[in-house]
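Pasting start_4.tsv here (TSV, C-alpha atoms):
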chain	number	residue	atom	x	y	z
D	19	MET	CA	-22.63	50.70	-15.50
D	20	THR	CA	-19.63	49.39	-13.58
D	21	GLU	CA	-21.40	46.17	-12.63
D	22	ILE	CA	-22.44	45.50	-16.24
D	23	CYS	CA	-18.85	45.88	-17.42
D	24	GLU	CA	-17.57	43.58	-14.68
D	25	ILE	CA	-20.09	40.84	-15.49
D	26	SER	CA	-19.25	41.02	-19.18
D	27	LEU	CA	-15.64	40.12	-18.34
D	28	CYS	CA	-16.78	36.58	-17.53
D	29	ARG	CA	-17.33	35.98	-21.27
D	30	PRO	CA	-14.92	38.33	-23.08
D	31	TYR	CA	-14.87	36.24	-26.25
D	32	ALA	CA	-18.47	37.31	-26.96
D	33	GLY	CA	-17.26	40.78	-27.88
D	34	THR	CA	-15.07	39.77	-30.83
D	35	SER	CA	-15.95	38.65	-34.35
D	36	SER	CA	-12.83	36.48	-34.64
D	37	LEU	CA	-13.84	32.81	-34.55
D	38	LYS	CA	-10.32	31.75	-33.59
D	39	ALA	CA	-10.25	34.13	-30.63
D	40	ARG	CA	-13.71	33.04	-29.49
D	41	VAL	CA	-12.84	29.33	-29.65
D	42	SER	CA	-9.47	29.85	-27.93
D	43	ALA	CA	-11.06	31.85	-25.13
D	44	ALA	CA	-13.83	29.27	-24.69
D	45	VAL	CA	-11.33	26.39	-24.50
D	46	LEU	CA	-9.13	28.30	-22.05
D	47	GLN	CA	-12.14	29.13	-19.90
D	48	LYS	CA	-13.17	25.46	-19.89
D	49	ASN	CA	-9.71	24.13	-19.00
D	50	GLU	CA	-8.44	26.81	-16.63
D	51	GLY	CA	-11.72	27.83	-15.02
D	52	TYR	CA	-13.78	30.98	-15.07
D	53	THR	CA	-11.29	32.93	-12.94
D	54	TRP	CA	-8.70	32.98	-15.72
D	55	VAL	CA	-10.07	36.38	-16.80
D	56	ASN	CA	-8.95	37.84	-13.49
D	57	LYS	CA	-5.45	36.48	-14.06
D	58	VAL	CA	-5.33	38.07	-17.50
D	59	ASN	CA	-6.41	41.41	-16.04
D	60	LYS	CA	-3.68	41.26	-13.41
D	61	LYS	CA	-1.07	40.48	-16.06
D	62	ALA	CA	-2.29	43.53	-17.97
D	63	LEU	CA	-1.97	45.61	-14.77
D	64	LEU	CA	-5.74	45.95	-14.55
D	65	SER	CA	-7.71	45.49	-11.37
D	66	PRO	CA	-10.46	42.86	-11.89
D	67	GLY	CA	-13.88	43.84	-10.65
D	68	THR	CA	-15.18	42.36	-7.43
D	69	ILE	CA	-18.24	40.94	-9.17
D	70	SER	CA	-16.10	39.19	-11.79
D	71	VAL	CA	-13.94	37.63	-9.07
D	72	ARG	CA	-16.93	36.54	-7.02
D	73	VAL	CA	-18.85	35.10	-9.98
D	74	GLY	CA	-15.79	33.29	-11.33
D	75	GLN	CA	-14.97	31.71	-7.97
D	76	LYS	CA	-18.58	30.60	-7.50
D	77	ILE	CA	-18.72	28.96	-10.93
D	78	ASP	CA	-15.35	27.25	-10.42
D	79	ARG	CA	-16.46	25.83	-7.07
D	80	LYS	CA	-19.63	24.49	-8.68
D	81	ARG	CA	-17.71	22.90	-11.58
D	82	LEU	CA	-15.23	21.30	-9.15
D	83	TRP	CA	-18.06	19.90	-7.04
D	84	GLN	CA	-19.82	18.49	-10.12
D	85	LYS	CA	-16.60	16.92	-11.40
D	86	LYS	CA	-15.88	15.31	-8.03
D	87	ASN	CA	-19.37	13.91	-7.57
D	88	SER	CA	-19.83	12.72	-11.15
D	89	THR	CA	-17.47	9.78	-10.52
D	90	SER	CA	-19.22	8.52	-7.40
D	91	VAL	CA	-21.47	5.46	-7.37
D	92	HIS	CA	-24.26	7.48	-5.77
D	93	PHE	CA	-24.25	10.01	-8.63
D	94	LYS	CA	-24.22	7.29	-11.31
D	95	ARG	CA	-27.06	5.43	-9.61
D	96	ASP	CA	-29.15	8.61	-9.37
D	97	ARG	CA	-28.47	9.40	-13.03
D	98	PHE	CA	-29.56	5.89	-13.97
D	99	LYS	CA	-32.74	6.28	-11.89
D	100	ARG	CA	-33.56	9.58	-13.57
D	101	LYS	CA	-33.03	8.07	-17.00
D	102	HIS	CA	-35.12	5.04	-16.08
D	103	LYS	CA	-37.89	7.30	-14.73
D	104	LYS	CA	-37.87	9.40	-17.90
D	105	THR	CA	-38.15	6.29	-20.06
D	106	PHE	CA	-41.02	5.01	-17.91
D	107	GLN	CA	-42.84	8.35	-18.26
D	108	GLN	CA	-42.41	8.26	-22.02
D	109	ILE	CA	-43.80	4.73	-22.19
D	110	THR	CA	-46.73	5.71	-19.96
D	111	ALA	CA	-47.47	8.74	-22.13
D	112	SER	CA	-47.37	6.61	-25.28
D	113	VAL	CA	-49.93	4.25	-23.76
D	114	ILE	CA	-52.29	7.06	-22.75
D	115	GLU	CA	-51.86	9.42	-25.71
D	116	GLY	CA	-50.61	7.03	-28.34
D	117	GLU	CA	-47.05	6.40	-29.44
D	118	THR	CA	-45.43	9.72	-30.32
D	119	TYR	CA	-41.85	8.86	-29.44
D	120	LYS	CA	-40.15	5.49	-29.17
D	121	PRO	CA	-36.74	5.25	-27.48
D	122	GLN	CA	-34.13	3.35	-29.46
D	123	ILE	CA	-32.31	2.01	-26.39
D	124	LYS	CA	-33.91	-0.55	-24.12
D	125	GLU	CA	-32.92	-0.60	-20.48
D	126	ASP	CA	-32.97	-4.16	-19.25
D	127	VAL	CA	-30.56	-3.57	-16.36
D	128	SER	CA	-32.15	-3.10	-12.96
D	129	VAL	CA	-31.01	-0.39	-10.58
D	130	ASN	CA	-29.92	-2.91	-7.97
D	131	TYR	CA	-27.50	-4.49	-10.45
D	132	ILE	CA	-25.14	-1.51	-10.23
D	133	GLU	CA	-23.76	-2.45	-6.82
D	134	SER	CA	-24.15	-6.22	-7.10
D	135	ILE	CA	-21.04	-8.41	-6.97
D	136	PRO	CA	-20.60	-10.78	-9.94
D	137	THR	CA	-20.93	-14.47	-9.19
D	138	LYS	CA	-17.81	-16.59	-9.00
D	139	CYS	CA	-16.69	-17.88	-12.38
D	140	SER	CA	-16.77	-21.67	-12.65
D	141	LEU	CA	-14.16	-23.48	-14.77
D	142	ASP	CA	-15.75	-26.91	-14.46
D	143	GLY	CA	-15.67	-28.78	-17.75
D	144	ILE	CA	-12.96	-26.52	-19.22
D	145	ASP	CA	-9.70	-28.35	-19.84
D	146	GLU	CA	-7.46	-25.50	-20.96
D	147	TYR	CA	-7.58	-22.03	-19.48
D	148	VAL	CA	-5.25	-19.22	-18.49
D	149	VAL	CA	-6.05	-16.69	-15.81
D	150	PHE	CA	-3.97	-13.53	-15.92
D	151	ASP	CA	-3.95	-10.14	-14.24
D	152	LEU	CA	-2.22	-6.85	-15.04
D	153	GLU	CA	-1.29	-4.03	-12.69
D	154	ARG	CA	-0.70	-0.60	-14.20
D	155	THR	CA	0.88	2.67	-13.16
D	156	GLY	CA	-2.49	4.46	-13.24
D	157	LEU	CA	-5.97	4.53	-14.71
D	158	SER	CA	-5.26	6.43	-17.93
D	159	ARG	CA	-5.10	4.74	-21.33
D	160	THR	CA	-1.40	5.55	-21.60
D	161	SER	CA	-0.49	3.91	-18.29
D	162	ASP	CA	2.34	1.38	-18.28
D	163	ILE	CA	2.14	-2.22	-17.08
D	164	LYS	CA	4.06	-2.70	-13.85
D	165	GLN	CA	3.16	-6.31	-13.01
D	166	ILE	CA	1.98	-9.36	-14.96
D	167	SER	CA	0.64	-12.51	-13.33
D	168	ALA	CA	-0.70	-15.60	-15.09
D	169	TYR	CA	-1.73	-19.15	-14.17
D	170	ASP	CA	-2.70	-21.98	-16.52
D	171	GLY	CA	-3.57	-24.57	-13.91
D	172	LYS	CA	-0.01	-25.86	-13.67
D	173	ASN	CA	2.46	-23.06	-14.28
D	174	MET	CA	2.56	-19.74	-12.44
D	175	LEU	CA	3.97	-16.53	-13.91
D	176	ASN	CA	4.55	-13.43	-11.79
D	177	LEU	CA	6.75	-10.66	-13.18
D	178	TYR	CA	7.40	-7.10	-12.08
D	179	VAL	CA	7.82	-4.78	-15.06
D	180	SER	CA	9.99	-1.67	-15.08
D	181	PRO	CA	7.65	1.22	-16.00
D	182	ARG	CA	8.55	4.07	-18.32
D	183	GLN	CA	6.50	6.61	-16.37
D	184	PRO	CA	5.99	7.33	-12.66
D	185	ILE	CA	3.54	5.19	-10.71
D	186	SER	CA	0.62	7.20	-9.35
D	187	SER	CA	0.28	7.46	-5.59
D	188	LYS	CA	-3.17	5.84	-5.64
D	189	ALA	CA	-1.86	2.86	-7.62
D	190	SER	CA	1.00	2.46	-5.14
D	191	ASP	CA	-1.41	2.58	-2.21
D	192	VAL	CA	-3.50	-0.22	-3.72
D	193	THR	CA	-0.72	-2.53	-4.91
D	194	GLY	CA	2.18	-1.54	-2.67
D	195	ILE	CA	4.46	-1.30	-5.72
D	196	THR	CA	6.81	1.66	-6.17
D	197	PHE	CA	9.67	2.36	-8.56
D	198	SER	CA	12.78	4.53	-8.20
D	199	PHE	CA	14.02	5.89	-11.52
D	200	GLU	CA	17.20	7.17	-9.88
D	201	ARG	CA	18.20	3.68	-8.74
D	202	ASN	CA	16.30	1.83	-11.48
D	203	GLN	CA	14.83	-0.34	-8.75
D	204	MET	CA	11.31	-1.58	-8.08
D	205	TYR	CA	9.98	-2.11	-4.56
D	206	TYR	CA	7.08	-4.10	-3.18
D	207	ARG	CA	5.99	-2.68	0.17
D	208	GLY	CA	9.46	-1.21	0.61
D	209	VAL	CA	11.34	-4.43	-0.23
D	210	PRO	CA	13.47	-4.42	-3.43
D	211	VAL	CA	12.23	-6.85	-6.10
D	212	GLU	CA	13.61	-7.81	-9.49
D	213	SER	CA	11.90	-6.27	-12.50
D	214	VAL	CA	12.19	-6.88	-16.24
D	215	CYS	CA	11.46	-4.81	-19.33
D	216	ILE	CA	7.99	-4.88	-20.85
D	217	ARG	CA	9.18	-6.78	-23.94
D	218	LYS	CA	10.59	-9.67	-21.92
D	219	ALA	CA	7.49	-9.81	-19.73
D	220	LEU	CA	5.11	-9.95	-22.70
D	221	LEU	CA	7.19	-12.65	-24.40
D	222	GLN	CA	6.94	-14.83	-21.29
D	223	LEU	CA	3.18	-14.21	-21.13
D	224	ILE	CA	2.84	-15.20	-24.79
D	225	GLU	CA	4.86	-18.33	-24.08
D	226	ILE	CA	2.56	-19.48	-21.27
D	227	LEU	CA	-0.50	-18.74	-23.44
D	228	THR	CA	1.00	-20.74	-26.30
D	229	CYS	CA	1.78	-23.68	-24.04
D	230	ALA	CA	-1.80	-23.69	-22.74
D	231	CYS	CA	-3.17	-23.80	-26.30
D	232	ARG	CA	-0.98	-26.78	-27.15
D	233	LEU	CA	-2.29	-28.88	-24.25

Is it possible to express this structure as structure tokens?
Amino acid sequence: MTEICEISLCRPYAGTSSLKARVSAAVLQKNEGYTWVNKVNKKALLSPGTISVRVGQKIDRKRLWQKKNSTSVHFKRDRFKRKHKKTFQQITASVIEGETYKPQIKEDVSVNYIESIPTKCSLDGIDEYVVFDLERTGLSRTSDIKQISAYDGKNMLNLYVSPRQPISSKASDVTGITFSFERNQMYYRGVPVESVCIRKALLQLIEILTCACRL
């Protein structure tokens, strides 16, 4: 009886009829992990069962491993292969047994294309063009621009932009750009560089784009 009670603690929201409580518990369990129940028990001066602790830790380790591997190229390639194999099996079955299911999405991309390097872009025959690049503080959608570079064939633009949020360590490792909010100073590989606000940087980028269109 003790083991049954301990296992049921892994999903405590199943014992209530309140939809709000069930949804809140499910969201908390998803965000904080399955061991959050043990933390709640400790706060309530209750001793969590050994089975609940062991099961929660096991599930959290599995979720962490899946999250870490889901972003790798190997995982994405295997997922693409499985999807491609499933589509091939469905097509084969439709040929043998007749068409019972037709996928709406066609996969024209080969597996080898995932790791292939794009060919160099040729600008022959193009009179006006502008090549520009942006460096950001991170990979999220809310990341700030920290550097703008542009080239229209004649004029070069390279501006460091003062960010409004900290630069992630991974972004600094890749670009070598750091920013001190205490000193309001940007550094490139440890050397102080001049930076401007985002408004001034974008206005200069618009200016070089406008000049290229007028040529």

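CA of Lys172 in chain D lies 23.5 Å from CA of Arg217 in chain D.
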
Shell of 10 Å around Lys48 in chain D, all atoms listed in the file, local chain residues under 6 positions omitted, as a PDB file with C-alpha atoms, in the frame of the given file:
ATOM      1  CA  SER D  42      -9.470  29.850 -27.930  1.00  0.00           C
ATOM      2  CA  TRP D  54      -8.700  32.980 -15.720  1.00  0.00           C
ATOM      3  CA  ASP D  78     -15.350  27.250 -10.420  1.00  0.00           C
ATOM      4  CA  ARG D  81     -17.710  22.900 -11.580  1.00  0.00           C
TER       5      ARG D  81
END

- Task: Using all atoms listed in the file, pick whichever of D:Arg72, D:Lys188, D:Lys104, D:Lys99 has the shortest atom-to-atom distance to Thr155 in chain D.
- Result: D:Lys188

- Query: Mind pulling up the distance from CA of Val179 in chain D to CA of Ile216 in chain D?
  - Reply: 5.8 Å

- Task: One decimal, Å: what's the distance from CA of Val41 in chain D over to CA of Thr160 in chain D, could you say?
- Result: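 Distance between the two atoms: 27.6 Å.
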
- Task: Would you kindly return, as JSON, numbers by chain, each protein, DNA or RNA residue with an atom no farther than 8 Å from any atom of Phe197 in chain D, considering all atoms listed in the file and excluding same-chain residues fewer than 3 positions away?
- Result: {"D": [180, 181, 184, 185, 202, 203, 204, 205]}

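Using all atoms listed in the file for every distance, the candidate list D:Glu200, D:Ser187, D:Thr110, D:Tyr169 yields D:Ser187 as the residue closest to Leu157 in chain D.
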
- Quick one: everything within 9 Å of Ile226 in chain D, counting only C-alpha atoms, minus sequence neighbours fewer than 4 positions away in the same chain. Send it as number ranges by chain. D: 148, 168-170, 173-175, 221-222, 230-231

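Nearest residue to Glu212 in chain D, choosing from D:Gln165, D:Ser190, D:Gln183, D:Gln108 and counting all atoms listed in the file: D:Gln165.
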
- For Ser186 in chain D, work out the shell of residues within 12 Å, counting all atoms listed in the file and skipping chain neighbours fewer than 3 positions away, then give it as a VMD selection string. chain D and resid 153 to 158 161 to 162 164 181 183 189 to 197
